[in-house]
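A.B. asks: File upload25.cif below, mmCIF, C-alpha atoms:
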```cif
data_work
loop_
_atom_site.group_PDB
_atom_site.id
_atom_site.type_symbol
_atom_site.label_atom_id
_atom_site.label_comp_id
_atom_site.auth_asym_id
_atom_site.auth_seq_id
_atom_site.Cartn_x
_atom_site.Cartn_y
_atom_site.Cartn_z
ATOM 1 C CA MET J 172 66.559 71.335 119.643
ATOM 2 C CA LEU J 173 66.106 72.541 116.051
ATOM 3 C CA GLU J 174 68.854 73.231 113.530
ATOM 4 C CA LEU J 175 68.723 74.557 109.973
ATOM 5 C CA LYS J 176 71.809 74.358 107.767
ATOM 6 C CA ASP J 177 71.929 76.271 104.467
ATOM 7 C CA VAL J 178 68.187 75.775 103.907
ATOM 8 C CA ASP J 179 66.566 76.787 100.607
ATOM 9 C CA VAL J 180 62.776 76.854 100.195
ATOM 10 C CA SER J 181 60.913 77.690 96.984
ATOM 11 C CA TYR J 182 57.426 78.354 95.688
ATOM 12 C CA GLY J 183 57.439 76.495 92.409
ATOM 13 C CA ARG J 184 60.502 77.737 90.540
ATOM 14 C CA SER J 185 60.870 80.858 92.684
ATOM 15 C CA ARG J 186 63.410 80.449 95.448
ATOM 16 C CA ILE J 187 62.290 82.499 98.433
ATOM 17 C CA VAL J 188 64.568 81.283 101.237
ATOM 18 C CA ASN J 189 68.248 81.299 100.305
ATOM 19 C CA GLY J 190 70.695 79.356 102.447
ATOM 20 C CA ILE J 191 69.410 80.150 105.930
ATOM 21 C CA SER J 192 71.211 78.579 108.891
ATOM 22 C CA LEU J 193 69.751 78.848 112.402
ATOM 23 C CA THR J 194 70.112 76.957 115.667
ATOM 24 C CA ILE J 195 67.279 77.062 118.200
ATOM 25 C CA GLY J 196 68.156 75.754 121.647
ATOM 26 C CA ASP J 197 65.875 74.615 124.441
ATOM 27 C CA ASP J 198 66.152 77.999 126.171
ATOM 28 C CA ASP J 199 65.465 80.084 123.071
ATOM 29 C CA VAL J 200 62.538 82.187 122.006
ATOM 30 C CA LEU J 201 63.647 83.183 118.514
ATOM 31 C CA VAL J 202 61.912 86.126 116.871
ATOM 32 C CA ILE J 203 62.197 86.263 113.070
ATOM 33 C CA LEU J 204 61.740 89.758 111.665
ATOM 34 C CA GLY J 205 61.717 91.419 108.267
ATOM 35 C CA ARG J 206 59.546 93.335 105.840
ATOM 36 C CA ASN J 207 56.621 91.707 104.060
ATOM 37 C CA GLY J 208 57.643 89.299 101.333
ATOM 38 C CA VAL J 209 61.193 88.557 102.502
ATOM 39 C CA GLY J 210 60.572 84.863 103.207
ATOM 40 C CA LYS J 211 59.563 84.649 106.867
ATOM 41 C CA THR J 212 56.360 82.647 106.370
ATOM 42 C CA THR J 213 58.021 80.545 103.674
ATOM 43 C CA LEU J 214 60.742 79.625 106.151
ATOM 44 C CA LEU J 215 58.196 78.489 108.750
ATOM 45 C CA LYS J 216 56.355 76.427 106.144
ATOM 46 C CA GLY J 217 59.637 74.779 105.235
ATOM 47 C CA ILE J 218 60.252 73.908 108.881
ATOM 48 C CA VAL J 219 56.802 72.371 109.393
ATOM 49 C CA GLY J 220 56.873 70.594 106.022
ATOM 50 C CA LEU J 221 54.151 72.478 104.169
ATOM 51 C CA LEU J 222 56.790 73.436 101.597
ATOM 52 C CA PRO J 223 59.708 71.182 100.623
ATOM 53 C CA ILE J 224 63.272 72.063 101.545
ATOM 54 C CA GLY J 225 65.092 72.221 98.230
ATOM 55 C CA SER J 226 68.613 71.996 99.633
ATOM 56 C CA GLY J 227 70.277 72.129 103.010
ATOM 57 C CA SER J 228 69.140 70.201 106.072
ATOM 58 C CA LEU J 229 66.748 70.403 109.005
ATOM 59 C CA SER J 230 67.225 68.429 112.197
ATOM 60 C CA LEU J 231 65.142 68.012 115.346
ATOM 61 C CA LYS J 232 67.016 66.904 118.465
ATOM 62 C CA GLY J 233 69.829 65.695 116.249
ATOM 63 C CA ASP J 234 67.645 63.644 113.897
ATOM 64 C CA ASP J 235 67.494 64.670 110.235
ATOM 65 C CA ILE J 236 63.880 65.473 109.264
ATOM 66 C CA THR J 237 64.620 67.276 105.993
ATOM 67 C CA LYS J 238 62.483 64.863 103.956
ATOM 68 C CA THR J 239 60.020 63.954 106.709
ATOM 69 C CA PRO J 240 56.365 64.727 105.752
ATOM 70 C CA ALA J 241 54.444 67.430 107.610
ATOM 71 C CA TRP J 242 52.139 65.006 109.478
ATOM 72 C CA ARG J 243 55.152 63.136 110.808
ATOM 73 C CA ARG J 244 56.881 66.350 111.897
ATOM 74 C CA SER J 245 53.751 67.198 113.848
ATOM 75 C CA LEU J 246 53.850 63.832 115.623
ATOM 76 C CA LEU J 247 57.533 64.415 116.373
ATOM 77 C CA GLY J 248 56.589 67.604 118.203
ATOM 78 C CA ILE J 249 56.618 70.570 115.803
ATOM 79 C CA ALA J 250 53.457 72.632 116.388
ATOM 80 C CA TYR J 251 52.439 75.499 114.106
ATOM 81 C CA VAL J 252 50.117 78.455 114.606
ATOM 82 C CA PRO J 253 49.655 79.874 111.076
ATOM 83 C CA GLN J 254 49.176 83.471 110.048
ATOM 84 C CA GLY J 255 45.486 84.280 110.039
ATOM 85 C CA ARG J 256 44.879 81.681 112.782
ATOM 86 C CA GLU J 257 43.018 79.203 110.521
ATOM 87 C CA ILE J 258 40.777 77.827 113.217
ATOM 88 C CA PHE J 259 37.784 75.742 112.145
ATOM 89 C CA PRO J 260 35.001 78.372 112.123
ATOM 90 C CA GLN J 261 32.088 75.926 112.085
ATOM 91 C CA LEU J 262 33.452 73.829 114.950
ATOM 92 C CA THR J 263 33.024 74.796 118.580
ATOM 93 C CA VAL J 264 35.888 75.918 120.756
ATOM 94 C CA ARG J 265 35.888 72.473 122.387
ATOM 95 C CA GLU J 266 35.975 70.737 119.001
ATOM 96 C CA ASN J 267 38.812 72.979 117.788
ATOM 97 C CA LEU J 268 40.837 72.105 120.859
ATOM 98 C CA GLU J 269 40.102 68.403 120.510
ATOM 99 C CA MET J 270 41.319 68.554 116.892
ATOM 100 C CA GLY J 271 44.663 69.843 118.155
ATOM 101 C CA GLY J 272 45.184 66.852 120.418
ATOM 102 C CA ILE J 273 43.518 63.943 118.660
ATOM 103 C CA ALA J 274 46.495 62.762 116.598
ATOM 104 C CA HIS J 275 48.670 62.917 119.716
ATOM 105 C CA GLY J 276 46.283 60.932 121.905
ATOM 106 C CA ASN J 277 45.414 63.959 124.033
ATOM 107 C CA SER J 278 41.852 64.840 125.007
ATOM 108 C CA LEU J 279 40.605 68.138 126.379
ATOM 109 C CA ASP J 280 39.379 66.401 129.525
ATOM 110 C CA GLU J 281 42.975 65.412 130.231
ATOM 111 C CA LYS J 282 44.461 68.773 129.248
ATOM 112 C CA ALA J 283 41.751 71.140 130.520
ATOM 113 C CA GLU J 284 43.547 72.287 133.660
ATOM 114 C CA GLU J 285 46.695 73.149 131.720
ATOM 115 C CA ILE J 286 45.005 74.759 128.706
ATOM 116 C CA PHE J 287 42.574 76.879 130.708
ATOM 117 C CA GLY J 288 45.347 77.783 133.119
ATOM 118 C CA TYR J 289 46.932 79.630 130.188
ATOM 119 C CA PHE J 290 43.687 80.639 128.437
ATOM 120 C CA PRO J 291 40.953 81.028 131.076
ATOM 121 C CA ALA J 292 38.807 83.134 128.721
ATOM 122 C CA LEU J 293 38.290 80.151 126.410
ATOM 123 C CA GLU J 294 36.646 77.996 129.059
ATOM 124 C CA GLN J 295 33.458 80.061 129.083
ATOM 125 C CA HIS J 296 33.161 79.790 125.274
ATOM 126 C CA LEU J 297 33.543 76.028 124.870
ATOM 127 C CA SER J 298 30.179 75.527 123.189
ATOM 128 C CA ARG J 299 30.456 78.541 120.849
ATOM 129 C CA ARG J 300 31.575 78.189 117.253
ATOM 130 C CA GLY J 301 35.083 79.398 116.617
ATOM 131 C CA GLY J 302 33.934 81.662 113.812
ATOM 132 C CA VAL J 303 31.901 83.918 116.117
ATOM 133 C CA LEU J 304 34.775 84.672 118.480
ATOM 134 C CA SER J 305 36.635 87.968 118.368
ATOM 135 C CA GLY J 306 39.984 88.121 116.598
ATOM 136 C CA GLY J 307 41.843 88.040 119.891
ATOM 137 C CA GLN J 308 39.858 85.071 121.132
ATOM 138 C CA GLN J 309 40.462 83.227 117.858
ATOM 139 C CA GLN J 310 44.196 83.838 118.184
ATOM 140 C CA GLN J 311 44.154 82.462 121.712
ATOM 141 C CA LEU J 312 42.197 79.461 120.464
ATOM 142 C CA ALA J 313 44.726 78.847 117.675
ATOM 143 C CA ILE J 314 47.606 78.889 120.163
ATOM 144 C CA ALA J 315 45.721 76.717 122.659
ATOM 145 C CA ARG J 316 44.944 74.216 119.883
ATOM 146 C CA ALA J 317 48.683 73.946 119.152
ATOM 147 C CA LEU J 318 49.444 73.401 122.842
ATOM 148 C CA MET J 319 47.034 70.459 122.894
ATOM 149 C CA ALA J 320 49.763 68.546 121.030
ATOM 150 C CA ASP J 321 52.336 68.916 123.859
ATOM 151 C CA PRO J 322 54.822 70.414 121.380
ATOM 152 C CA LYS J 323 58.578 70.108 121.599
ATOM 153 C CA VAL J 324 58.918 73.232 119.429
ATOM 154 C CA LEU J 325 56.214 75.881 118.924
ATOM 155 C CA LEU J 326 56.099 78.048 115.772
ATOM 156 C CA LEU J 327 53.859 81.103 115.455
ATOM 157 C CA ASP J 328 53.372 83.280 112.384
ATOM 158 C CA GLU J 329 52.415 86.917 113.126
ATOM 159 C CA PRO J 330 50.404 86.175 116.307
ATOM 160 C CA THR J 331 49.721 89.881 116.934
ATOM 161 C CA GLU J 332 48.306 90.654 113.472
ATOM 162 C CA GLY J 333 44.939 92.420 113.773
ATOM 163 C CA ILE J 334 44.813 91.959 117.551
ATOM 164 C CA GLN J 335 43.917 94.625 120.097
ATOM 165 C CA PRO J 336 46.857 95.909 122.173
ATOM 166 C CA ASN J 337 45.553 94.529 125.476
ATOM 167 C CA VAL J 338 45.224 91.041 123.952
ATOM 168 C CA VAL J 339 48.719 91.365 122.455
ATOM 169 C CA GLN J 340 49.999 91.977 125.984
ATOM 170 C CA ASP J 341 48.114 88.903 127.225
ATOM 171 C CA ILE J 342 49.524 86.695 124.463
ATOM 172 C CA ALA J 343 53.064 87.904 125.158
ATOM 173 C CA GLY J 344 52.678 87.015 128.818
ATOM 174 C CA ILE J 345 51.204 83.602 128.031
ATOM 175 C CA LEU J 346 54.005 82.681 125.625
ATOM 176 C CA LYS J 347 56.707 83.750 128.089
ATOM 177 C CA ARG J 348 55.045 81.810 130.879
ATOM 178 C CA TYR J 349 54.568 78.700 128.743
ATOM 179 C CA HIS J 350 58.205 78.779 127.630
ATOM 180 C CA GLU J 351 59.477 79.201 131.170
ATOM 181 C CA GLU J 352 57.210 76.555 132.702
ATOM 182 C CA LYS J 353 57.446 73.922 129.969
ATOM 183 C CA GLY J 354 60.939 74.577 128.640
ATOM 184 C CA VAL J 355 59.619 74.555 125.071
ATOM 185 C CA PRO J 356 61.594 76.577 122.502
ATOM 186 C CA ILE J 357 59.483 79.008 120.473
ATOM 187 C CA ILE J 358 59.959 80.566 117.040
ATOM 188 C CA VAL J 359 57.862 83.663 116.331
ATOM 189 C CA VAL J 360 57.575 85.518 113.033
ATOM 190 C CA GLU J 361 56.654 89.058 113.963
ATOM 191 C CA GLN J 362 56.743 92.707 112.904
ATOM 192 C CA ASN J 363 55.656 94.211 116.228
ATOM 193 C CA LEU J 364 58.949 95.323 117.766
ATOM 194 C CA ASP J 365 57.567 95.835 121.264
ATOM 195 C CA PHE J 366 56.144 92.305 121.224
ATOM 196 C CA ALA J 367 59.401 90.916 119.811
ATOM 197 C CA ARG J 368 61.466 92.534 122.528
ATOM 198 C CA ARG J 369 59.084 91.386 125.231
ATOM 199 C CA VAL J 370 58.907 87.694 124.303
ATOM 200 C CA GLY J 371 62.190 87.072 122.466
ATOM 201 C CA SER J 372 65.550 85.949 123.776
ATOM 202 C CA THR J 373 67.196 85.952 120.328
ATOM 203 C CA PHE J 374 66.343 87.390 116.919
ATOM 204 C CA ALA J 375 67.084 86.872 113.239
ATOM 205 C CA MET J 376 66.460 89.610 110.690
ATOM 206 C CA ILE J 377 65.671 88.405 107.177
ATOM 207 C CA GLN J 378 66.026 90.268 103.893
ATOM 208 C CA LYS J 379 65.620 88.698 100.449
ATOM 209 C CA GLY J 380 65.460 85.230 101.965
ATOM 210 C CA GLN J 381 68.709 85.522 103.902
ATOM 211 C CA VAL J 382 69.635 86.286 107.495
ATOM 212 C CA VAL J 383 71.261 89.716 107.511
ATOM 213 C CA ALA J 384 71.478 90.260 111.279
ATOM 214 C CA SER J 385 71.030 88.076 114.362
ATOM 215 C CA GLY J 386 71.915 87.925 118.032
ATOM 216 C CA GLY J 387 70.521 88.357 121.504
ATOM 217 C CA ILE J 388 67.326 90.369 121.764
ATOM 218 C CA ALA J 389 69.240 93.238 123.417
ATOM 219 C CA GLU J 390 71.103 93.640 120.115
ATOM 220 C CA LEU J 391 67.842 94.371 118.270
ATOM 221 C CA THR J 392 68.511 98.090 118.107
ATOM 222 C CA ASP J 393 66.362 100.877 116.742
ATOM 223 C CA GLU J 394 68.996 101.397 114.048
ATOM 224 C CA LEU J 395 68.620 97.789 112.872
ATOM 225 C CA SER J 396 64.849 98.045 112.869
ATOM 226 C CA ARG J 397 64.926 101.259 110.822
ATOM 227 C CA LYS J 398 67.338 99.698 108.335
ATOM 228 C CA TYR J 399 65.439 96.464 107.759
ATOM 229 C CA LEU J 400 61.847 97.100 108.830
ATOM 230 C CA SER J 401 61.047 100.670 107.788
ATOM 231 C CA VAL J 402 59.156 101.043 104.527
#
```
Starting from the file, give its structure as structure tokens.
C.D. replies:
Amino acid sequence: MLELKDVDVSYGRSRIVNGISLTIGDDDVLVILGRNGVGKTTLLKGIVGLLPIGSGSLSLKGDDITKTPAWRRSLLGIAYVPQGREIFPQLTVRENLEMGGIAHGNSLDEKAEEIFGYFPALEQHLSRRGGVLSGGQQQQLAIARALMADPKVLLLDEPTEGIQPNVVQDIAGILKRYHEEKGVPIIVVEQNLDFARRVGSTFAMIQKGQVVASGGIAELTDELSRKYLSV
């Protein structure tokens, strides 16, 4: 579904991602792990087009999208849930959801059964502004907004950050269910090992902008996590 070959991504003159190659298949939930500042978010921004890929290539379903602008990548099916959620705080829950589908020709009336099947708690808050929701509710709203686009690939950056443990469990269950029911590959940047092991099928560990370990989620050992995640 999605393939990266020797991808470099920079902030200005500072190269952050150094020659990363990854293949994400239809059946994959890839968890990207690593300490703060190693390039995880930069990599996601390169995939969605918010940062340019300096060298290497990115393809979606076999089509090269390395130079494709971010808005076009979205229309092609790459959906992104950014770190910090970035919902529209002054818009209502309904309006936030509608914003997720409008460019794709999807309305909430058409998608309501599906969206609220995954996020029933949001239905009772449709008329409330996004900014007054709890952190967990805002995270659910951010994910639901991305699903309004009927994505072919879903990217999430630190979806458990600042979220209560019971909501983390809910989000893990929702993502697994969505992946299994829709067959949509998912890429998750995460530092919560329990969450990673629960939702992931594969993992890639990043250090200094490079993949230093990868494999099936069963290979994500405590030894690896101590080596590359402990501070």
A.B. asks: Step by step, work through what the PyMOL selection byres ((chain J and resi 282) around 12) selects in the shown file, and finish by giving those residues as a list in words.
C.D. replies: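 On the file shown, the PyMOL selection byres ((chain J and resi 282) around 12) covers Arg265, Leu268, Glu269, Gly271, Gly272, Ile273, His275, Gly276, Asn277, Ser278, Leu279, Asp280, Glu281, Ala283, Glu284, Glu285, Ile286, Phe287, Gly288, Tyr289, Phe290, Ala315, Arg316, Leu318, Met319, Ala320 and Asp321 of chain J.
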A.B. asks: Please enumerate the residues selected by the PyMOL selection byres ((chain J and resi 359) around 7) when evaluated against the supplied file, formatted as a list of chain:residue names.
C.D. replies: J:Leu201, J:Val202, J:Ile203, J:Leu326, J:Leu327, J:Asp328, J:Ile357, J:Ile358, J:Val360, J:Glu361
A.B. asks: Can you list, as a compact mmCIF listing (two decimals) with C-alpha atoms, keeping the file's coordinate frame, the residues that the PyMOL selection byres ((chain J and resi 192) around 7) selects here?
C.D. replies:
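Below is the file that was written, selection16.txt:
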```
# COMPACT_ATOMS: atom_id res chain seq x y z
CA LEU J 175 68.72 74.56 109.97
CA LYS J 176 71.81 74.36 107.77
CA ASP J 177 71.93 76.27 104.47
CA VAL J 178 68.19 75.78 103.91
CA GLY J 190 70.69 79.36 102.45
CA ILE J 191 69.41 80.15 105.93
CA LEU J 193 69.75 78.85 112.40
```
A.B. asks: Could you give me, as a list in words, the residues within 6 Å of J:Leu173, counting only C-alpha atoms and dropping anything in the same chain fewer than 5 positions from it?
C.D. replies: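 Counting only C-alpha atoms, the residues come to Thr194, Ile195, Ser230 and Leu231 of chain J.
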A.B. asks: Pick the closest to J:Leu246 from J:Arg369, J:Arg299, J:Arg184, J:Lys323: which is it, counting only C-alpha atoms?
C.D. replies: J:Lys323
A.B. asks: Give the answer as one residue: which of J:Ser372, J:Thr237, J:Ser245, J:Thr213 has the shortest atom-to-atom distance to J:Glu351, using only C-alpha atoms?
C.D. replies: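 The answer is J:Ser372, which sits nearest to J:Glu351.
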A.B. asks: Rank nothing, just name the residue among J:Val264, J:Leu204, J:Val188, J:Val180 nearest to J:Ile224, using all atoms listed in the file.
C.D. replies: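 The shortest atom-to-atom distance to J:Ile224 comes from J:Val180.
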A.B. asks: What is the distance between atom CA of J:Gln254 and atom CA of J:Tyr182, in Å to one decimal?
C.D. replies: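 The value is 17.3 Å.
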A.B. asks: Hey, which of J:Gly306, J:Gly354, J:Pro322, J:Gly387 ends up closest to J:Ile249? Count all atoms listed in the file.
C.D. replies: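 The closest residue to J:Ile249 is J:Pro322.
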A.B. asks: Could you check which of J:Thr263, J:Gln362, J:Leu312, J:Gly225 is closest to J:Asp179, using all atoms listed in the file?
C.D. replies: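 Ranking J:Thr263, J:Gln362, J:Leu312, J:Gly225 by distance to J:Asp179, first place goes to J:Gly225.
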A.B. asks: Could you check how far atom CA of J:Val338 sits from atom CA of J:Gln310, in Å to one decimal?
C.D. replies: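 Atom CA of J:Val338 sits 9.3 Å away from atom CA of J:Gln310.
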A.B. asks: Which one is closest to J:Gly210: J:Ser298, J:Leu304, J:Ser181, J:Gly333? Count only C-alpha atoms.
C.D. replies: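 Closest to J:Gly210 of all the choices is J:Ser181.
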A.B. asks: Which distance in Å separates atom CA of J:Val209 and atom CA of J:Asn363, to one decimal?
C.D. replies: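 Atom-to-atom, atom CA of J:Val209 to atom CA of J:Asn363, that is 15.8 Å.
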A.B. asks: Quick one: residues within 6 Å of J:Leu400, all atoms listed in the file, excluding same-chain residues fewer than 4 positions away - as JSON, numbers by chain?
C.D. replies: {"J": [205, 206, 396]}
A.B. asks: Can you tell me which residues surround J:Pro260 at a distance of at most 7 Å, considering all atoms listed in the file, apart from same-chain residues fewer than 3 positions away, and format the answer as a ChimeraX atom specification?
C.D. replies: /J:300-302
